[in-house]
$ cat final_33.pdb   # PDB, C-alpha atoms
ATOM      1  CA  LEU O   1     125.114 167.241 -86.686
ATOM      2  CA  PRO O   2     122.490 165.095 -88.473
ATOM      3  CA  THR O   3     125.321 162.758 -89.500
ATOM      4  CA  VAL O   4     126.293 162.445 -85.827
ATOM      5  CA  TRP O   5     122.692 161.577 -84.945
ATOM      6  CA  ALA O   6     122.641 158.967 -87.698
ATOM      7  CA  ASN O   7     125.939 157.472 -86.501
ATOM      8  CA  CYS O   8     124.542 157.188 -82.975
ATOM      9  CA  ILE O   9     121.293 155.598 -84.140
ATOM     10  CA  ALA O  10     123.097 153.105 -86.370
ATOM     11  CA  GLY O  11     125.595 152.137 -83.672
ATOM     12  CA  TRP O  12     122.815 151.816 -81.119
ATOM     13  CA  VAL O  13     120.771 149.562 -83.413
ATOM     14  CA  LEU O  14     123.753 147.375 -84.301
ATOM     15  CA  GLY O  15     124.504 147.097 -80.584
ATOM     16  CA  GLY O  16     121.067 145.669 -79.902
ATOM     17  CA  GLY O  17     119.046 148.797 -79.114
ATOM     18  CA  GLU O  18     115.259 148.472 -79.166
ATOM     19  CA  PHE O  19     112.938 151.315 -80.147
ATOM     20  CA  SER O  20     110.561 150.408 -77.353
ATOM     21  CA  ASP O  21     112.953 152.293 -75.047
ATOM     22  CA  VAL O  22     114.480 155.309 -76.744
ATOM     23  CA  PHE O  23     115.087 157.592 -73.744
ATOM     24  CA  SER O  24     118.708 156.511 -73.423
ATOM     25  CA  LEU O  25     119.175 157.016 -77.169
ATOM     26  CA  VAL O  26     117.869 160.593 -76.936
ATOM     27  CA  VAL O  27     120.246 161.374 -74.056
ATOM     28  CA  LEU O  28     123.093 159.793 -76.030
ATOM     29  CA  VAL O  29     122.324 161.837 -79.146
ATOM     30  CA  ILE O  30     122.252 165.093 -77.162
ATOM     31  CA  GLY O  31     125.551 164.201 -75.516
ATOM     32  CA  ALA O  32     127.174 163.282 -78.827
ATOM     33  CA  SER O  33     125.893 166.525 -80.372
ATOM     34  CA  LEU O  34     127.521 168.543 -77.593
ATOM     35  CA  ALA O  35     130.802 166.643 -77.940
ATOM     36  CA  TYR O  36     130.836 167.096 -81.724
ATOM     37  CA  SER O  37     130.029 170.800 -81.405
ATOM     38  CA  ALA O  38     132.808 171.136 -78.838
ATOM     39  CA  GLY O  39     135.243 169.644 -81.337
ATOM     40  CA  MET O  40     134.177 172.052 -84.064
ATOM     41  CA  ILE O  41     134.458 175.104 -81.797
ATOM     42  CA  MET O  42     137.814 173.918 -80.444
ATOM     43  CA  ASN O  43     139.049 173.471 -84.021
ATOM     44  CA  ASP O  44     138.316 177.120 -84.774
ATOM     45  CA  ALA O  45     139.937 178.221 -81.508
ATOM     46  CA  VAL O  46     143.129 176.300 -82.269
ATOM     47  CA  ASP O  47     143.199 177.517 -85.893
ATOM     48  CA  VAL O  48     142.439 181.182 -85.181
ATOM     49  CA  LYS O  49     145.860 182.427 -86.335
ATOM     50  CA  ALA O  50     145.802 180.453 -89.578
ATOM     51  CA  ASP O  51     142.178 181.384 -90.267
ATOM     52  CA  SER O  52     142.977 185.074 -89.763
ATOM     53  CA  LEU O  53     145.207 184.788 -92.836
ATOM     54  CA  GLU O  54     143.378 182.211 -94.948
ATOM     55  CA  ARG O  55     139.708 182.659 -93.946
ATOM     56  CA  PRO O  56     139.287 185.981 -92.136
ATOM     57  CA  ASP O  57     135.489 185.803 -92.481
ATOM     58  CA  ARG O  58     135.286 182.959 -89.934
ATOM     59  CA  PRO O  59     133.584 183.852 -86.605
ATOM     60  CA  LEU O  60     136.776 184.185 -84.536
ATOM     61  CA  PRO O  61     139.036 186.123 -86.949
ATOM     62  CA  SER O  62     136.162 188.465 -87.826
ATOM     63  CA  GLY O  63     135.550 189.217 -84.144
ATOM     64  CA  ASP O  64     131.974 187.926 -84.089
ATOM     65  CA  ILE O  65     132.918 185.659 -81.173
ATOM     66  CA  SER O  66     135.769 186.117 -78.709
ATOM     67  CA  LEU O  67     138.497 183.508 -78.337
ATOM     68  CA  ASN O  68     137.752 183.171 -74.605
ATOM     69  CA  MET O  69     134.100 182.500 -75.382
ATOM     70  CA  ALA O  70     135.093 179.824 -77.907
ATOM     71  CA  TRP O  71     137.359 178.022 -75.442
ATOM     72  CA  GLY O  72     134.754 178.283 -72.706
ATOM     73  CA  LEU O  73     132.044 176.814 -74.926
ATOM     74  CA  SER O  74     134.258 174.004 -76.200
ATOM     75  CA  ILE O  75     135.235 172.927 -72.669
ATOM     76  CA  ALA O  76     131.657 173.186 -71.378
ATOM     77  CA  PHE O  77     130.178 171.339 -74.357
ATOM     78  CA  LEU O  78     132.746 168.545 -74.251
ATOM     79  CA  SER O  79     132.361 168.036 -70.512
ATOM     80  CA  GLY O  80     128.572 168.117 -70.706
ATOM     81  CA  GLY O  81     128.544 165.804 -73.701
ATOM     82  CA  ILE O  82     130.652 163.154 -71.995
ATOM     83  CA  VAL O  83     128.512 163.341 -68.839
ATOM     84  CA  LEU O  84     125.324 162.844 -70.853
ATOM     85  CA  MET O  85     126.796 159.925 -72.797
ATOM     86  CA  LEU O  86     127.753 158.277 -69.508
ATOM     87  CA  LEU O  87     124.282 158.932 -68.085
ATOM     88  CA  ALA O  88     122.832 157.269 -71.187
ATOM     89  CA  GLY O  89     124.751 154.132 -70.198
ATOM     90  CA  SER O  90     127.684 154.187 -72.605
ATOM     91  CA  SER O  91     131.003 152.546 -71.829
ATOM     92  CA  PRO O  92     133.110 154.982 -69.733
ATOM     93  CA  GLY O  93     136.251 153.843 -71.515
ATOM     94  CA  CYS O  94     134.814 154.495 -74.980
ATOM     95  CA  ALA O  95     133.306 157.854 -73.976
ATOM     96  CA  LEU O  96     136.530 159.126 -72.404
ATOM     97  CA  LEU O  97     138.576 157.827 -75.325
ATOM     98  CA  LEU O  98     136.266 159.728 -77.685
ATOM     99  CA  ALA O  99     136.911 162.914 -75.698
ATOM    100  CA  GLY O 100     140.634 162.269 -75.904
ATOM    101  CA  MET O 101     140.502 161.762 -79.670
ATOM    102  CA  ILE O 102     138.549 165.014 -80.128
ATOM    103  CA  VAL O 103     141.091 167.022 -78.139
ATOM    104  CA  GLY O 104     144.033 165.166 -79.697
ATOM    105  CA  TYR O 105     142.921 165.829 -83.258
ATOM    106  CA  ASN O 106     142.351 169.524 -82.668
ATOM    107  CA  VAL O 107     145.707 170.000 -80.950
ATOM    108  CA  LEU O 108     147.727 167.950 -83.438
ATOM    109  CA  HIS O 109     146.024 168.339 -86.823
ATOM    110  CA  LYS O 110     148.334 171.196 -87.931
ATOM    111  CA  ARG O 111     151.429 169.538 -86.482
ATOM    112  CA  TRP O 112     151.125 165.847 -87.340
ATOM    113  CA  LYS O 113     149.993 164.391 -90.665
ATOM    114  CA  GLY O 114     148.864 161.210 -88.928
ATOM    115  CA  SER O 115     146.235 163.166 -87.014
ATOM    116  CA  VAL O 116     143.773 162.244 -89.773
ATOM    117  CA  PHE O 117     143.526 158.854 -88.086
ATOM    118  CA  LEU O 118     142.450 160.568 -84.861
ATOM    119  CA  MET O 119     139.560 162.130 -86.769
ATOM    120  CA  GLY O 120     138.639 158.722 -88.136
ATOM    121  CA  ALA O 121     138.796 157.327 -84.614
ATOM    122  CA  CYS O 122     136.294 159.964 -83.462
ATOM    123  CA  ARG O 123     133.652 158.689 -85.886
ATOM    124  CA  ALA O 124     134.464 155.040 -85.207
ATOM    125  CA  LEU O 125     134.157 155.625 -81.470
ATOM    126  CA  LEU O 126     130.723 157.193 -81.964
ATOM    127  CA  TYR O 127     129.540 153.768 -83.146
ATOM    128  CA  LEU O 128     131.165 152.013 -80.192
ATOM    129  CA  VAL O 129     129.855 154.537 -77.660
ATOM    130  CA  ALA O 130     126.337 154.204 -79.063
ATOM    131  CA  ALA O 131     126.487 150.418 -79.294
ATOM    132  CA  SER O 132     127.562 150.174 -75.653
ATOM    133  CA  VAL O 133     124.381 151.874 -74.408
ATOM    134  CA  PRO O 134     121.798 149.026 -74.754
ATOM    135  CA  GLU O 135     121.822 147.058 -71.482
ATOM    136  CA  ASP O 136     121.497 143.639 -73.076
ATOM    137  CA  GLY O 137     123.293 144.511 -76.294
ATOM    138  CA  GLY O 138     126.630 143.527 -77.707
ATOM    139  CA  TRP O 139     128.684 146.601 -78.442
ATOM    140  CA  PHE O 140     131.661 144.390 -79.211
ATOM    141  CA  ARG O 141     129.776 142.207 -81.716
ATOM    142  CA  GLU O 142     131.228 141.671 -85.162
ATOM    143  CA  ALA O 143     128.898 143.946 -87.128
ATOM    144  CA  VAL O 144     129.496 146.894 -84.781
ATOM    145  CA  ILE O 145     133.273 146.592 -85.064
ATOM    146  CA  ILE O 146     133.209 146.195 -88.853
ATOM    147  CA  TRP O 147     130.996 149.211 -89.462
ATOM    148  CA  ALA O 148     132.848 151.323 -86.896
ATOM    149  CA  ILE O 149     136.145 150.637 -88.642
ATOM    150  CA  ALA O 150     134.596 151.262 -92.072
ATOM    151  CA  LEU O 151     133.161 154.615 -91.003
ATOM    152  CA  GLY O 152     136.467 155.555 -89.389
ATOM    153  CA  ILE O 153     138.512 154.800 -92.507
ATOM    154  CA  TYR O 154     135.957 156.609 -94.702
ATOM    155  CA  THR O 155     136.327 159.624 -92.408
ATOM    156  CA  VAL O 156     140.114 159.504 -92.783
ATOM    157  CA  GLY O 157     139.604 159.641 -96.560
ATOM    158  CA  ILE O 158     137.377 162.704 -96.213
ATOM    159  CA  THR O 159     139.872 164.380 -93.877
ATOM    160  CA  LEU O 160     142.708 163.809 -96.344
ATOM    161  CA  ALA O 161     140.590 165.416 -99.045
ATOM    162  CA  ALA O 162     139.647 168.338 -96.785
ATOM    163  CA  ARG O 163     143.316 169.199 -96.245
ATOM    164  CA  GLY O 164     143.418 170.533 -99.790
ATOM    165  CA  GLU O 165     140.380 172.776 -99.353
ATOM    166  CA  VAL O 166     142.229 176.087 -99.041
ATOM    167  CA  GLN O 167     144.413 175.372-102.097
ATOM    168  CA  ASP O 168     141.472 173.673-103.852
ATOM    169  CA  LYS O 169     143.654 170.606-104.345
ATOM    170  CA  GLY O 170     142.187 167.092-104.293
ATOM    171  CA  THR O 171     143.500 164.063-102.419
ATOM    172  CA  GLY O 172     145.632 161.206-103.732
ATOM    173  CA  TYR O 173     144.803 157.588-104.456
ATOM    174  CA  LEU O 174     145.150 156.571-100.796
ATOM    175  CA  GLY O 175     142.443 158.960 -99.690
ATOM    176  CA  LEU O 176     140.178 158.004-102.587
ATOM    177  CA  SER O 177     140.571 154.282-101.877
ATOM    178  CA  MET O 178     139.540 154.826 -98.254
ATOM    179  CA  LEU O 179     136.190 156.171 -99.431
ATOM    180  CA  ALA O 180     135.345 152.695-100.799
ATOM    181  CA  VAL O 181     135.852 150.806 -97.522
ATOM    182  CA  PRO O 182     132.127 150.840 -96.535
ATOM    183  CA  LEU O 183     131.520 148.684 -99.620
ATOM    184  CA  LEU O 184     133.798 146.025 -98.111
ATOM    185  CA  ALA O 185     131.888 146.306 -94.839
ATOM    186  CA  ALA O 186     128.589 145.685 -96.637
ATOM    187  CA  VAL O 187     129.999 142.668 -98.430
ATOM    188  CA  SER O 188     131.436 141.130 -95.270
ATOM    189  CA  THR O 189     128.400 141.731 -93.058
ATOM    190  CA  TYR O 190     125.566 141.087 -95.515
ATOM    191  CA  PHE O 191     126.464 139.686 -98.925
ATOM    192  CA  LEU O 192     128.656 136.920 -97.555
ATOM    193  CA  ARG O 193     125.620 135.917 -95.492
ATOM    194  CA  ALA O 194     122.852 135.325 -97.989
ATOM    195  CA  GLU O 195     120.175 135.127 -95.322
ATOM    196  CA  GLU O 196     120.883 138.710 -94.210
ATOM    197  CA  SER O 197     121.016 140.434 -97.584
ATOM    198  CA  GLY O 198     117.825 141.785 -99.097
ATOM    199  CA  LEU O 199     116.274 144.355-101.391
ATOM    200  CA  LEU O 200     116.719 147.292 -98.986
ATOM    201  CA  VAL O 201     120.368 146.380 -98.489
ATOM    202  CA  MET O 202     120.879 146.494-102.252
ATOM    203  CA  ILE O 203     118.976 149.764-102.666
ATOM    204  CA  ALA O 204     120.830 151.494 -99.831
ATOM    205  CA  LEU O 205     124.174 150.263-101.112
ATOM    206  CA  ILE O 206     123.488 151.366-104.694
ATOM    207  CA  VAL O 207     122.406 154.820-103.505
ATOM    208  CA  TRP O 208     125.567 155.177-101.401
ATOM    209  CA  VAL O 209     127.861 153.982-104.223
ATOM    210  CA  ALA O 210     126.258 156.392-106.685
ATOM    211  CA  TRP O 211     126.494 159.287-104.223
ATOM    212  CA  THR O 212     130.150 158.568-103.434
ATOM    213  CA  ALA O 213     131.057 158.208-107.103
ATOM    214  CA  TYR O 214     129.367 161.547-107.863
ATOM    215  CA  SER O 215     131.268 163.213-105.004
ATOM    216  CA  VAL O 216     134.593 161.758-106.163
ATOM    217  CA  LEU O 217     134.010 162.964-109.719
ATOM    218  CA  ILE O 218     133.590 166.477-108.341
ATOM    219  CA  LEU O 219     136.687 166.076-106.163
ATOM    220  CA  VAL O 220     138.950 165.052-109.048
ATOM    221  CA  GLY O 221     137.484 167.588-111.462
ATOM    222  CA  ASP O 222     138.774 171.065-112.276
ATOM    223  CA  GLU O 223     135.957 173.328-111.092
ATOM    224  CA  GLU O 224     136.788 176.104-108.644
ATOM    225  CA  GLY O 225     135.751 175.226-105.090
ATOM    226  CA  ARG O 226     135.423 171.558-105.968
ATOM    227  CA  VAL O 227     137.180 170.275-102.832
ATOM    228  CA  SER O 228     134.917 171.998-100.318
ATOM    229  CA  ARG O 229     131.847 170.960-102.313
ATOM    230  CA  ALA O 230     132.967 167.329-102.587
ATOM    231  CA  VAL O 231     133.907 167.131 -98.909
ATOM    232  CA  ALA O 232     130.491 168.478 -97.913
ATOM    233  CA  LEU O 233     128.777 165.861-100.091
ATOM    234  CA  LEU O 234     130.951 163.070 -98.675
ATOM    235  CA  ILE O 235     130.133 164.141 -95.121
ATOM    236  CA  ALA O 236     126.428 164.102 -95.970
ATOM    237  CA  GLY O 237     126.975 160.634 -97.447
ATOM    238  CA  MET O 238     127.616 159.301 -93.952
ATOM    239  CA  LEU O 239     123.843 159.079 -93.603
ATOM    240  CA  LEU O 240     123.837 156.647 -96.506
ATOM    241  CA  ILE O 241     126.572 154.552 -94.891
ATOM    242  CA  ASP O 242     124.452 154.317 -91.757
ATOM    243  CA  ALA O 243     121.469 153.442 -93.935
ATOM    244  CA  VAL O 244     123.371 150.498 -95.409
ATOM    245  CA  ALA O 245     124.563 149.420 -91.951
ATOM    246  CA  VAL O 246     121.013 149.116 -90.544
ATOM    247  CA  SER O 247     119.229 148.100 -93.750
ATOM    248  CA  ALA O 248     119.031 144.383 -92.958
ATOM    249  CA  ALA O 249     117.695 144.724 -89.405
ATOM    250  CA  TYR O 250     115.526 147.835 -89.818
ATOM    251  CA  PRO O 251     114.554 148.513 -93.454
ATOM    252  CA  TRP O 252     112.239 151.368 -92.443
ATOM    253  CA  LEU O 253     115.053 153.063 -90.535
ATOM    254  CA  SER O 254     117.342 152.669 -93.526
ATOM    255  CA  ALA O 255     114.748 154.385 -95.724
ATOM    256  CA  ALA O 256     114.348 157.180 -93.150
ATOM    257  CA  LEU O 257     118.090 157.821 -93.063
ATOM    258  CA  MET O 258     118.262 157.989 -96.852
ATOM    259  CA  ALA O 259     115.332 160.396 -96.834
ATOM    260  CA  GLY O 260     117.274 162.626 -94.452
ATOM    261  CA  LEU O 261     119.973 163.334 -97.039
ATOM    262  CA  PRO O 262     118.134 166.290 -98.663
ATOM    263  CA  ILE O 263     117.675 167.839 -95.210
ATOM    264  CA  VAL O 264     121.431 167.745 -94.621
ATOM    265  CA  LEU O 265     122.069 169.331 -98.027
ATOM    266  CA  VAL O 266     119.657 172.164 -97.232
ATOM    267  CA  LEU O 267     121.336 172.754 -93.865
ATOM    268  CA  GLN O 268     124.758 172.799 -95.540
ATOM    269  CA  ARG O 269     123.619 175.697 -97.674
ATOM    270  CA  ARG O 270     123.028 177.730 -94.523
ATOM    271  CA  ILE O 271     126.027 176.529 -92.491
ATOM    272  CA  SER O 272     129.244 175.425 -94.165
ATOM    273  CA  ALA O 273     130.078 171.747 -93.624
ATOM    274  CA  THR O 274     133.822 172.471 -93.414
TER     275      THR O 274
END

$ encode --input "final_33.pdb" --output "structure tokens"
Amino acid sequence: LPTVWANCIAGWVLGGGEFSDVFSLVVLVIGASLAYSAGMIMNDAVDVKADSLERPDRPLPSGDISLNMAWGLSIAFLSGGIVLMLLAGSSPGCALLLAGMIVGYNVLHKRWKGSVFLMGACRALLYLVAASVPEDGGWFREAVIIWAIALGIYTVGITLAARGEVQDKGTGYLGLSMLAVPLLAAVSTYFLRAEESGLLVMIALIVWVAWTAYSVLILVGDEEGRVSRAVALLIAGMLLIDAVAVSAAYPWLSAALMAGLPIVLVLQRRISAT
């Protein structure tokens, strides 16, 4: 969830959001949190038969939560999340498309290999939904689109890696190459425009590159449980991508997002990231 909050904040800032009026941002973040939680619950509900064989300790197979309760929560959370995002002022088209991508991924992810792109679209649409909230902003501006696409492709790379979690098998070169796309986004939005690149941009980018390289080394290693560990680290690394995205306009926000990384790691110890 903290990565969802960071995605919303980064998209909102890139779309022209001003911190003098954050009420709409708070409503947006709550709505996005509900929608993301709905997707996670729905994923468990759809996968209950497979999890009963592969991961019987999960909440549904173990009987901690009933299947009806899971479906009820997922529908209520998704509906409430979309309503709140619309009340925040987001584009109805983007918000409804996000809901469609969430449902589509959960329904198709066991049946269609290309569903990984639906997961990437979910993260990309978070940027677009958030960027469409500021009244006088430009949710279609170049930087928003570039970073939305970069985050989406990075998410596809993570999803490809996560598919090998049960067998503890890493992803191929395609998935690994997708993890480097945010670097291209940084180059195109900042380093090809000398007036917009600065020290914080460099620091944030170096931190993200180092974090991603460390995660990939774990992913391609031979330690038991390496895939789930690497995927969790790569998900946490989304905060660093957002930090790079906002580093030129709001250096203090970039630093705050980077400082949030240890918090995510602590939370992942209590609740599995995958």

$ residues_around --input "final_33.pdb" --residues "Tyr214 in chain O" --least-positions-apart "4" --cutoff "9 Å" --atoms "all atoms listed in the file" --output "ChimeraX atom specification"
/O:209-210,218-219,230,233

$ closest_residue --input "final_33.pdb" --among "O:Leu128, O:Ile153, O:Leu67, O:Val107" --to "Ala45 in chain O" --atoms "all atoms listed in the file"
O:Leu67

$ resolve_selection --input "final_33.pdb" --expression "the PyMOL selection byres ((chain O and resi 83-99) around 9)" --output "PyMOL selection string"
chain O and resi 23-32+35+39+78-82+100-104+121-123+125-126+128-135

$ atom_distance --input "final_33.pdb" --atom1 "CA of Gly237 in chain O" --atom2 "CA of Leu108 in chain O"
26.1 Å

$ atom_distance --input "final_33.pdb" --atom1 "CA of Tyr190 in chain O" --atom2 "CA of Ala213 in chain O"
21.4 Å

$ atom_distance --input "final_33.pdb" --atom1 "CA of Val13 in chain O" --atom2 "CA of Gly198 in chain O"
17.8 Å

$ axis_aligned_box --input "final_33.pdb" --around "range 100-106 of chain O" --padding-each-side "6 Å" --output "lines of an AutoDock Vina configuration file"
center_x = 141.3
center_y = 165.6
center_z = -79.6
size_x = 17.5
size_y = 19.8
size_z = 19.4
